[in-house]
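structure_13.txt (compact mmCIF, C-alpha atoms and all ligand atoms) appears below.
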```
# COMPACT_ATOMS: atom_id res chain seq x y z
CA MET M 165 2.84 4.83 40.68
CA THR M 166 4.52 2.02 42.60
CA GLU M 167 7.34 -0.06 41.18
CA PHE M 168 5.13 -3.11 41.08
CA GLU M 169 2.64 -1.33 38.86
CA ILE M 170 5.37 -0.32 36.40
CA ASP M 171 6.70 -3.88 36.09
CA ASP M 172 3.28 -5.32 35.70
CA ASP M 173 2.39 -2.87 33.01
CA LEU M 174 5.58 -3.51 31.08
CA TYR M 175 5.27 -7.25 31.38
CA ALA M 176 1.85 -7.03 29.75
CA ASP M 177 3.36 -5.01 26.89
CA LEU M 178 6.10 -7.54 26.29
CA GLU M 179 3.70 -10.43 26.38
CA GLU M 180 1.60 -8.73 23.74
CA LEU M 181 4.69 -8.12 21.57
CA ASP M 182 5.70 -11.77 21.92
CA LYS M 183 2.26 -12.80 20.73
CA GLN M 184 2.75 -10.58 17.72
CA HIS M 185 6.09 -12.25 17.00
CA ALA M 186 4.40 -15.64 17.18
CA ASN M 187 1.85 -14.38 14.70
CA LEU M 188 4.64 -13.39 12.34
CA PHE M 189 5.92 -16.97 12.49
CA ARG M 190 2.42 -18.09 11.53
CA ILE M 191 2.40 -15.79 8.49
CA PHE M 192 5.89 -17.00 7.58
CA ASN M 193 4.71 -20.62 7.59
CA MET M 194 1.65 -19.73 5.52
CA LEU M 195 3.96 -18.08 3.03
CA LYS M 196 6.08 -21.21 2.84
CA CYS M 197 3.04 -23.38 2.01
CA THR M 198 1.82 -20.88 -0.56
CA ILE M 199 5.15 -20.92 -2.33
CA GLU M 200 5.36 -24.71 -2.27
CA ASP M 201 1.84 -24.85 -3.77
CA LYS M 202 2.74 -22.18 -6.35
CA ASP M 203 -0.44 -20.35 -5.38
CA ASP M 204 0.04 -16.80 -6.71
CA ASP M 205 -3.37 -15.48 -5.65
CA SER M 206 -2.68 -16.43 -2.04
CA LEU M 207 0.79 -14.95 -2.28
CA PHE M 208 -0.75 -11.56 -3.04
CA VAL M 209 -3.04 -11.86 -0.01
CA ILE M 210 -0.18 -12.89 2.26
CA ILE M 211 2.05 -10.03 1.20
CA GLU M 212 -0.78 -7.63 2.01
CA GLU M 213 -1.36 -9.31 5.36
CA LEU M 214 2.33 -9.19 6.18
CA LYS M 215 2.62 -5.51 5.29
CA ASN M 216 -0.38 -4.54 7.39
CA TYR M 217 0.59 -6.74 10.28
CA MET M 218 4.13 -5.48 10.44
CA ARG M 219 3.02 -1.86 10.30
CA TYR M 220 0.86 -2.57 13.34
CA HIS M 221 3.60 -4.52 15.13
CA PHE M 222 6.38 -1.98 14.50
CA SER M 223 4.21 0.82 15.79
CA ALA M 224 3.36 -1.11 18.98
CA GLU M 225 6.98 -2.11 19.57
CA GLU M 226 8.41 1.36 18.94
CA LYS M 227 5.83 2.90 21.28
CA MET M 228 6.89 0.51 24.01
CA LEU M 229 10.61 1.15 23.47
CA GLU M 230 9.95 4.88 23.46
CA LYS M 231 7.98 4.65 26.66
CA PHE M 232 10.98 3.10 28.40
CA SER M 233 13.55 5.36 26.70
CA TYR M 234 15.41 2.56 24.93
CA GLU M 235 18.77 4.09 24.04
CA ALA M 236 19.11 2.42 20.61
CA LEU M 237 15.59 3.22 19.46
CA GLN M 238 16.73 5.18 16.42
CA GLN M 239 18.79 2.27 15.08
CA HIS M 240 15.95 -0.11 15.87
CA ARG M 241 13.52 2.08 13.97
CA LYS M 242 15.86 2.04 10.96
CA GLU M 243 15.76 -1.76 10.89
CA HIS M 244 11.96 -1.60 10.89
CA GLU M 245 12.04 0.93 8.05
CA ALA M 246 14.35 -1.33 6.04
CA PHE M 247 11.81 -4.14 6.39
CA THR M 248 8.97 -1.88 5.25
CA ASP M 249 11.00 -0.74 2.22
CA LYS M 250 11.77 -4.35 1.35
CA MET M 251 8.07 -5.21 1.41
CA GLY M 252 7.57 -2.42 -1.12
CA ASP M 253 10.20 -4.05 -3.36
CA PHE M 254 8.48 -7.43 -3.05
CA ASN M 255 5.19 -5.83 -3.98
CA PHE M 256 6.81 -4.46 -7.12
CA ASP M 257 8.28 -7.91 -7.93
CA LEU M 258 4.82 -9.38 -7.53
CA VAL M 259 3.33 -6.91 -10.01
CA THR M 260 6.13 -7.50 -12.52
CA GLY M 261 5.89 -11.29 -12.07
CA ASP M 262 9.43 -11.95 -10.84
CA PRO M 263 9.74 -15.77 -10.78
CA ASP M 264 12.17 -15.65 -7.83
CA LEU M 265 9.84 -13.63 -5.62
CA GLY M 266 8.73 -16.50 -3.39
CA LYS M 267 12.24 -17.74 -2.72
CA ASN M 268 13.56 -14.23 -2.16
CA MET M 269 10.79 -13.47 0.31
CA LEU M 270 11.38 -16.67 2.25
CA ASP M 271 15.11 -15.99 2.46
CA TYR M 272 14.53 -12.42 3.60
CA LEU M 273 11.97 -13.36 6.23
CA LYS M 274 14.08 -16.19 7.58
CA ASN M 275 16.94 -13.78 7.99
CA TRP M 276 14.61 -11.26 9.66
CA LEU M 277 13.38 -13.82 12.17
CA GLN M 278 16.95 -14.80 13.02
CA ASN M 279 18.56 -11.41 13.05
CA HIS M 280 15.92 -8.90 14.00
CA ILE M 281 13.51 -10.79 16.22
CA ASN M 282 16.01 -13.13 17.84
CA LYS M 283 18.73 -10.51 18.19
CA SER M 284 17.64 -6.86 17.95
CA ASP M 285 14.25 -7.28 19.58
CA ARG M 286 15.63 -9.56 22.27
CA LYS M 287 18.42 -7.12 23.02
CA ALA M 288 15.95 -4.25 23.22
CA PHE M 289 13.60 -6.13 25.55
CA LYS M 290 16.50 -7.15 27.76
CA SER M 291 17.93 -3.69 27.94
CA ILE M 292 14.76 -2.27 29.38
CA SER M 293 15.60 -4.79 32.09
CA ILE M 294 12.44 -6.73 32.52
CA PRO M 295 12.38 -10.38 33.53
CA HIS M 296 11.41 -11.95 30.25
CA ASN M 297 11.82 -15.39 28.71
FE FE M 301 9.42 -7.16 16.81
FE FE M 302 11.81 -4.70 16.31
```

Could you show the structure in this file as C-alpha cells?
Amino acid sequence: MTEFEIDDDLYADLEELDKQHANLFRIFNMLKCTIEDKDDDSLFVIIEELKNYMRYHFSAEEKMLEKFSYEALQQHRKEHEAFTDKMGDFNFDLVTGDPDLGKNMLDYLKNWLQNHINKSDRKAFKSISIPHN
C-alpha cells in the first residue's frame, strides 16, 4: 500500500466522522426545540434517536482510532462509555417524569459538544496526524 493510499483512506474516515458530528448538532438543535415546545412525546423519540446514533458513531470512531493505534484510545473509550451511561440515566428520568430532564439533557449535551467533540475528538484526530480542518 502506498502512502498516498493510506492518507486518502484516512481522510475519508475523518470526513465521515465529521459528518456524524454535524448530525449530532442537528439532533441537539431538535432537542432544544422539543424542550421549548414542551413536547414530551417527541422528547422520547429524540432520546431514542440520540442513543442509537451515538452507539453507531462511537463504534465508527473507536474503530478508526484503533486502526491508527491512537495511544489514548482507552481513555477516549471511557468518555464514550460515560456518555452512554448518562443516556441510560436520562431514560430513567424520562420514565419517572423528572421535570428537569430537558434542561439537564441540554446542559449535558452542550458540555459534551464543547469538551468531547471540540477537545477530545479533535485531539485524537490531530494525533493521528492527518491534515484536517
Ligand atoms: Fe465523536
Ligand atoms: Fe469521541

Tell me, counting all atoms listed in the file, for each residue of stretch 244-285 of chain M within 9 Å of stretch 209-222 of chain M, which pair of atoms is nearest and how far apart they are in Å to one decimal, in rows ordered by chain and increasing number, as a Markdown table.
```
| residue | atom | partner | partner_atom | distance |
| --- | --- | --- | --- | --- |
| M:His244 | CA | M:Phe222 | CA | 6.7 |
| M:Phe247 | CA | M:Met218 | CA | 8.8 |
| M:Thr248 | CA | M:Lys215 | CA | 7.3 |
| M:Met251 | CA | M:Lys215 | CA | 6.7 |
| M:Gly252 | CA | M:Lys215 | CA | 8.7 |
| M:Phe254 | CA | M:Ile211 | CA | 8.1 |
| M:Asn255 | CA | M:Ile211 | CA | 7.4 |
```

- Contacts to ligand FE 301 (chain M) at 9 Å cut-off (all atoms listed in the file) as a ChimeraX atom specification: /M:181-182,184-185,218,221-222,224-226,244,280-282,284-286

Requested write-out: C-alpha atoms of the selected residues, as a JSON list (two decimals), in the frame of the given file:
```json
[["chain", "number", "residue", "atom", "x", "y", "z"],
["M", 181, "LEU", "CA", 4.69, -8.12, 21.57],
["M", 182, "ASP", "CA", 5.70, -11.77, 21.92],
["M", 184, "GLN", "CA", 2.75, -10.58, 17.72],
["M", 185, "HIS", "CA", 6.09, -12.25, 17.00],
["M", 218, "MET", "CA", 4.13, -5.48, 10.44],
["M", 221, "HIS", "CA", 3.60, -4.52, 15.13],
["M", 222, "PHE", "CA", 6.38, -1.98, 14.50],
["M", 224, "ALA", "CA", 3.36, -1.11, 18.98],
["M", 225, "GLU", "CA", 6.98, -2.11, 19.57],
["M", 226, "GLU", "CA", 8.41, 1.36, 18.94],
["M", 244, "HIS", "CA", 11.96, -1.60, 10.89],
["M", 280, "HIS", "CA", 15.92, -8.90, 14.00],
["M", 281, "ILE", "CA", 13.51, -10.79, 16.22],
["M", 282, "ASN", "CA", 16.01, -13.13, 17.84],
["M", 284, "SER", "CA", 17.64, -6.86, 17.95],
["M", 285, "ASP", "CA", 14.25, -7.28, 19.58],
["M", 286, "ARG", "CA", 15.63, -9.56, 22.27]]
```

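Distance check against M:Gly266 using only C-alpha atoms: of M:Glu200, M:Glu235, M:Glu230, M:Glu243, the minimum falls on M:Glu200.
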
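Distance annotation: of M:Met194, M:Ala246, M:Ile199, M:Met228, the residue with the minimal separation from M:Leu178 is M:Met228; atom set is all atoms listed in the file.
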
- Among the residues M:Leu195, M:Leu229, M:Val259, M:Leu270, the one that comes closest to ligand FE 302 (chain M) [using all atoms listed in the file]: M:Leu229

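Among M:Phe189, M:Met269, M:Lys196, M:Ser291, the residue with the shortest atom-to-atom distance to M:Leu237, counting all atoms listed in the file, is M:Ser291.
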
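Between atom CA of M:Asp204 and atom CA of M:Gln278 there is a distance of 26.1 Å.
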
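Minimum distance to ligand FE 302 (chain M) across M:Asn268, M:Gly261, M:Asn187, M:Arg241 (counting all atoms listed in the file) occurs at M:Arg241.
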
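Put simply, atom CA of M:Phe192 is 9.3 Å away from atom CA of M:Leu277.
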
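Of the listed residues (M:Tyr272, M:Asp177, M:Ser206, M:Ser223), M:Ser223 comes nearest to M:Glu245; the distances count all atoms listed in the file.
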
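Between atom CA of M:Lys287 and atom CA of M:Gln239 there is a distance of 12.3 Å.
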
Set up a box along x, y and z of the file covering all listed atoms of stretch 281-284 of chain M, add 3 Å on every one of the six sides, and write the centre and edge lengths in Å to one decimal, as JSON.
```
{"center_x": 16.1, "center_y": -10.0, "center_z": 17.2, "size_x": 11.2, "size_y": 12.3, "size_z": 8.0}
```
